[in-house]
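Q: The structure is given below, and queries will be raised subsequently.
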Amino acid sequence: MKYPVKPVVLPADLRGVQPGRLPSYLLKPIRPYGALHPLAAQAWEALRKAAHADGIRPFKPTSMADTYRSLETQEKGFLARYTTAPIATTSVRTYKGVKYYLKPGMAPMATPGTSMHNLGLAVDVSDASGDRLTWMLANCDWYGFCWELQSEPWHIRYYVGDKVPLKVQQFVSLHADRDIRSAD
Ligand SMILES: [Zn+2]
């Protein structure tokens with residue numbers, strides 16, 4: 001299966017920010033757990049609500065660490081999956097001048113500081129296969145998400161920068177209305 005891969009436009013407020021060191025105002029909690037850049041977070045909520053409405057449940061990140069990742073979290077995950085012992089593997093990475101080899105049975109991971117997770121723009125969706133993946137392929141783009149790699153169908157990232165997609169705008173305005181009503 002081919003996944004639509006598009007270049008990422010960074011939200012303006014991420015320019016100059018060190019990956020994995022996002023200040024708290026650039027992070028927003030998402031349901032059911034984790035955090036993303038505020039624009040990606042609202043798009044995720046809209047996408048998740050649409051998935052639920054179409055009977056795709058659960059629609060969640062693989063784990064809390066599969067949303068925004070600090071440099072420390074990325075390094076911890078990277079060092080758990082890669083070894084400096086040379087082995088035959090599909091993934092070899094250089095980190096701090098040292099070669100690392102993916103351990104057998106482990107999913108690849110970007111070197112710390114180079115992942116879209118470090119910018120709060122990527123989510124790994126739990127069990128991205130079957131009906132869930134089919135649904136994602138048909139719907140992610142409407143919410144500003146697309147893929148990064150053909151080899152990682154679960155990994156989607158928010159690619160539209162500051163241009164909030166129409167469906168996300170609709171979701172946000174619906175919620176603003178609700179907030180006004182609940183204030184009555
Ligand atoms: Zn990922």
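Letters A, B, ... go to the chains of the structure tokens in the order shown; residues in each chain start at 1; ligands are counted from 1 in the same order.
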Which residues form the shell of 6 Å around ligand 1 when you count only C-alpha atoms and all ligand atoms, given as a list in words?

A: Ala122, Val123, Asp124 and His155 of chain A

Q: Just the residues within 7 Å of Asp162 in chain A, please, counting only C-alpha atoms, with nothing from its chain fewer than 2 positions along; format it as a ChimeraX atom specification.

A: /A:11-12,160,164

Q: Export N, CA and C atoms of the chosen residues as a short mmCIF file (atom, residue, chain, number, x, y, z; two decimals), in the first residue's frame?

A:
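Written file, selection.cif:
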```cif
data_model
loop_
_atom_site.label_atom_id
_atom_site.label_comp_id
_atom_site.auth_asym_id
_atom_site.auth_seq_id
_atom_site.Cartn_x
_atom_site.Cartn_y
_atom_site.Cartn_z
N PRO A 11 4.52 25.22 11.59
CA PRO A 11 3.83 26.40 12.14
C PRO A 11 4.88 27.47 12.48
N ALA A 12 4.54 28.74 12.25
CA ALA A 12 5.52 29.83 12.42
C ALA A 12 6.13 29.84 13.81
N VAL A 160 0.43 20.88 7.57
CA VAL A 160 -0.10 22.07 6.89
C VAL A 160 0.27 23.39 7.56
N VAL A 164 -5.08 26.17 8.93
CA VAL A 164 -5.96 25.20 9.59
C VAL A 164 -6.98 24.66 8.59
#
```

Q: Point out the residue among A:Leu119, A:Leu10, A:Leu133, A:Ala40 with the least atom-to-atom distance to Pro23 in chain A, counting only C-alpha atoms.

A: A:Leu119

Q: Please compute the CA of Ala50 in chain A-CA of Leu26 in chain A distance, one decimal, in Å.

A: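 About the pair CA of Ala50 in chain A and CA of Leu26 in chain A: they are 24.4 Å apart.
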
Q: Hey, can you check how far CA of Leu39 in chain A sits from CA of Met1 in chain A?

A: 28.3 Å

Q: Write down as a PyMOL selection string the residues belonging to range 3-84 of chain A that are assigned helix (DSSP H, G or I) by DSSP computed on the backbone.

A: chain A and resi 12-14+24-26+38-53+64-66+71-81

Q: Please produce a file of those selected residues containing N, CA, C and O atoms, as a tab-separated table (two decimals), in the first residue's frame.

A:
```tsv
chain	number	residue	atom	x	y	z
A	12	ALA	N	4.54	28.74	12.25
A	12	ALA	CA	5.52	29.83	12.42
A	12	ALA	C	6.13	29.84	13.81
A	12	ALA	O	7.33	30.12	13.97
A	13	ASP	N	5.32	29.50	14.82
A	13	ASP	CA	5.85	29.60	16.19
A	13	ASP	C	6.84	28.47	16.54
A	13	ASP	O	7.42	28.46	17.62
A	14	LEU	N	7.04	27.53	15.62
A	14	LEU	CA	8.03	26.47	15.87
A	14	LEU	C	9.40	26.83	15.30
A	14	LEU	O	10.38	26.17	15.60
A	24	SER	N	6.21	25.06	27.27
A	24	SER	CA	4.88	24.52	27.59
A	24	SER	C	3.78	25.19	26.77
A	24	SER	O	2.79	24.54	26.44
A	25	TYR	N	3.96	26.46	26.38
A	25	TYR	CA	2.88	27.11	25.60
A	25	TYR	C	2.78	26.54	24.19
A	25	TYR	O	1.81	26.78	23.49
A	26	LEU	N	3.77	25.79	23.76
A	26	LEU	CA	3.71	25.15	22.43
A	26	LEU	C	3.25	23.69	22.52
A	26	LEU	O	3.34	22.94	21.54
A	38	PRO	N	-0.11	22.97	19.63
A	38	PRO	CA	-1.54	23.34	19.68
A	38	PRO	C	-2.30	23.14	18.37
A	38	PRO	O	-3.45	22.67	18.40
A	39	LEU	N	-1.71	23.47	17.22
A	39	LEU	CA	-2.43	23.30	15.95
A	39	LEU	C	-2.61	21.82	15.62
A	39	LEU	O	-3.66	21.39	15.14
A	40	ALA	N	-1.59	21.01	15.89
A	40	ALA	CA	-1.69	19.58	15.66
A	40	ALA	C	-2.65	18.94	16.66
A	40	ALA	O	-3.39	18.01	16.32
A	41	ALA	N	-2.68	19.49	17.87
A	41	ALA	CA	-3.55	18.95	18.92
A	41	ALA	C	-5.03	19.13	18.54
A	41	ALA	O	-5.82	18.19	18.64
A	42	GLN	N	-5.39	20.32	18.07
A	42	GLN	CA	-6.80	20.52	17.70
A	42	GLN	C	-7.16	19.69	16.47
A	42	GLN	O	-8.28	19.17	16.37
A	43	ALA	N	-6.22	19.52	15.56
A	43	ALA	CA	-6.47	18.67	14.39
A	43	ALA	C	-6.63	17.21	14.81
A	43	ALA	O	-7.48	16.48	14.27
A	44	TRP	N	-5.82	16.78	15.76
A	44	TRP	CA	-5.93	15.41	16.27
A	44	TRP	C	-7.31	15.18	16.89
A	44	TRP	O	-7.94	14.15	16.64
A	45	GLU	N	-7.77	16.14	17.71
A	45	GLU	CA	-9.08	15.99	18.36
A	45	GLU	C	-10.19	15.89	17.31
A	45	GLU	O	-11.11	15.09	17.44
A	46	ALA	N	-10.07	16.69	16.27
A	46	ALA	CA	-11.07	16.66	15.20
A	46	ALA	C	-11.03	15.34	14.45
A	46	ALA	O	-12.06	14.73	14.15
A	47	LEU	N	-9.82	14.87	14.17
A	47	LEU	CA	-9.64	13.60	13.46
A	47	LEU	C	-10.19	12.44	14.30
A	47	LEU	O	-10.88	11.56	13.79
A	48	ARG	N	-9.88	12.48	15.58
A	48	ARG	CA	-10.30	11.41	16.48
A	48	ARG	C	-11.82	11.37	16.60
A	48	ARG	O	-12.43	10.30	16.58
A	49	LYS	N	-12.42	12.56	16.68
A	49	LYS	CA	-13.88	12.62	16.79
A	49	LYS	C	-14.52	12.05	15.53
A	49	LYS	O	-15.50	11.30	15.59
A	50	ALA	N	-13.95	12.38	14.37
A	50	ALA	CA	-14.47	11.88	13.10
A	50	ALA	C	-14.32	10.36	13.03
A	50	ALA	O	-15.22	9.65	12.55
A	51	ALA	N	-13.19	9.86	13.51
A	51	ALA	CA	-12.96	8.40	13.51
A	51	ALA	C	-14.02	7.72	14.36
A	51	ALA	O	-14.65	6.74	13.94
A	52	HIS	N	-14.24	8.26	15.55
A	52	HIS	CA	-15.26	7.68	16.44
A	52	HIS	C	-16.64	7.71	15.80
A	52	HIS	O	-17.39	6.75	15.89
A	53	ALA	N	-16.94	8.85	15.14
A	53	ALA	CA	-18.26	8.99	14.50
A	53	ALA	C	-18.46	7.93	13.41
A	53	ALA	O	-19.58	7.50	13.14
A	64	MET	N	1.72	7.23	25.31
A	64	MET	CA	1.94	8.65	25.57
A	64	MET	C	3.23	9.14	24.90
A	64	MET	O	3.30	10.26	24.41
A	65	ALA	N	4.24	8.27	24.85
A	65	ALA	CA	5.54	8.64	24.27
A	65	ALA	C	5.49	8.66	22.74
A	65	ALA	O	6.48	9.00	22.10
A	66	ASP	N	4.36	8.30	22.17
A	66	ASP	CA	4.23	8.29	20.71
A	66	ASP	C	3.46	9.50	20.21
A	66	ASP	O	2.87	9.48	19.13
A	71	LEU	N	13.61	15.47	24.11
A	71	LEU	CA	14.88	14.87	23.68
A	71	LEU	C	15.21	13.65	24.53
A	71	LEU	O	15.67	12.63	24.03
A	72	GLU	N	14.96	13.76	25.84
A	72	GLU	CA	15.27	12.65	26.76
A	72	GLU	C	14.45	11.42	26.40
A	72	GLU	O	14.97	10.31	26.38
A	73	THR	N	13.15	11.62	26.14
A	73	THR	CA	12.28	10.48	25.82
A	73	THR	C	12.72	9.84	24.51
A	73	THR	O	12.77	8.61	24.38
A	74	GLN	N	13.06	10.70	23.53
A	74	GLN	CA	13.49	10.16	22.23
A	74	GLN	C	14.79	9.37	22.40
A	74	GLN	O	14.96	8.29	21.82
A	75	GLU	N	15.69	9.88	23.20
A	75	GLU	CA	16.97	9.19	23.40
A	75	GLU	C	16.78	7.86	24.11
A	75	GLU	O	17.37	6.85	23.74
A	76	LYS	N	15.91	7.88	25.12
A	76	LYS	CA	15.64	6.64	25.86
A	76	LYS	C	15.08	5.57	24.92
A	76	LYS	O	15.52	4.42	24.93
A	77	GLY	N	14.12	5.96	24.09
A	77	GLY	CA	13.53	5.01	23.13
A	77	GLY	C	14.55	4.55	22.10
A	77	GLY	O	14.62	3.37	21.76
A	78	PHE	N	15.33	5.51	21.61
A	78	PHE	CA	16.33	5.19	20.59
A	78	PHE	C	17.35	4.19	21.11
A	78	PHE	O	17.67	3.19	20.45
A	79	LEU	N	17.86	4.44	22.31
A	79	LEU	CA	18.89	3.56	22.86
A	79	LEU	C	18.33	2.19	23.25
A	79	LEU	O	19.08	1.21	23.31
A	80	ALA	N	17.01	2.13	23.48
A	80	ALA	CA	16.40	0.83	23.78
A	80	ALA	C	16.27	-0.02	22.51
A	80	ALA	O	16.31	-1.24	22.56
A	81	ARG	N	16.15	0.67	21.37
A	81	ARG	CA	15.91	-0.06	20.12
A	81	ARG	C	17.17	-0.30	19.30
A	81	ARG	O	17.20	-1.22	18.48
```

Q: With a distance cut-off of 10 Å and only C-alpha atoms, select the neighbouring residues of Lys96 in chain A, excluding the residue or stretch itself and same-chain residues fewer than 3 positions from it, and output the selection as a list in words.

A: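 Close residues of Lys96 in chain A: Arg93, Lys99, Thr111 and Pro112 of chain A.
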
Q: Restrict the selected residues to C-alpha atoms and save them as a PDB file, in the first residue's frame.

A:
```
ATOM      1  CA  ARG A  93      21.663   5.488  12.183  1.00  0.00           C
ATOM      2  CA  LYS A  99      26.809   4.173  14.326  1.00  0.00           C
ATOM      3  CA  THR A 111      17.764   9.842  16.101  1.00  0.00           C
ATOM      4  CA  PRO A 112      17.005  12.259  18.958  1.00  0.00           C
TER       5      PRO A 112
END
```

Q: Counting only C-alpha atoms, which of A:Met116, A:Val92, A:Val172, A:Leu166 gets nearest to Trp147 in chain A?

A: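 Going through A:Met116, A:Val92, A:Val172, A:Leu166 one by one, the smallest distance to Trp147 in chain A is for A:Met116.
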
Q: Which residue, A:Pro153, A:Gly130, A:Pro86, A:Gly97, has the smallest gap to Tyr3 in chain A when you use only C-alpha atoms?

A: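 With only C-alpha atoms as the atom set, the closest residue is A:Pro153.
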
Q: I want to know what sits within 9 Å of Ala35 in chain A, based on only C-alpha atoms, with residues of the same chain fewer than 5 positions away left out; could you give that as a count of residues only?

A: 10

Q: Could you give me the residues within chain A that DSSP places in strand (DSSP E), as a ChimeraX atom specification?

A: /A:28-29,35-36,82-83,92-95,98-102,122-124,145-147,155-158

Q: For Gln170 in chain A, which residue out of A:Trp135, A:Tyr143, A:Tyr95, A:Tyr33 is the nearest one, using only C-alpha atoms?

A: A:Tyr143
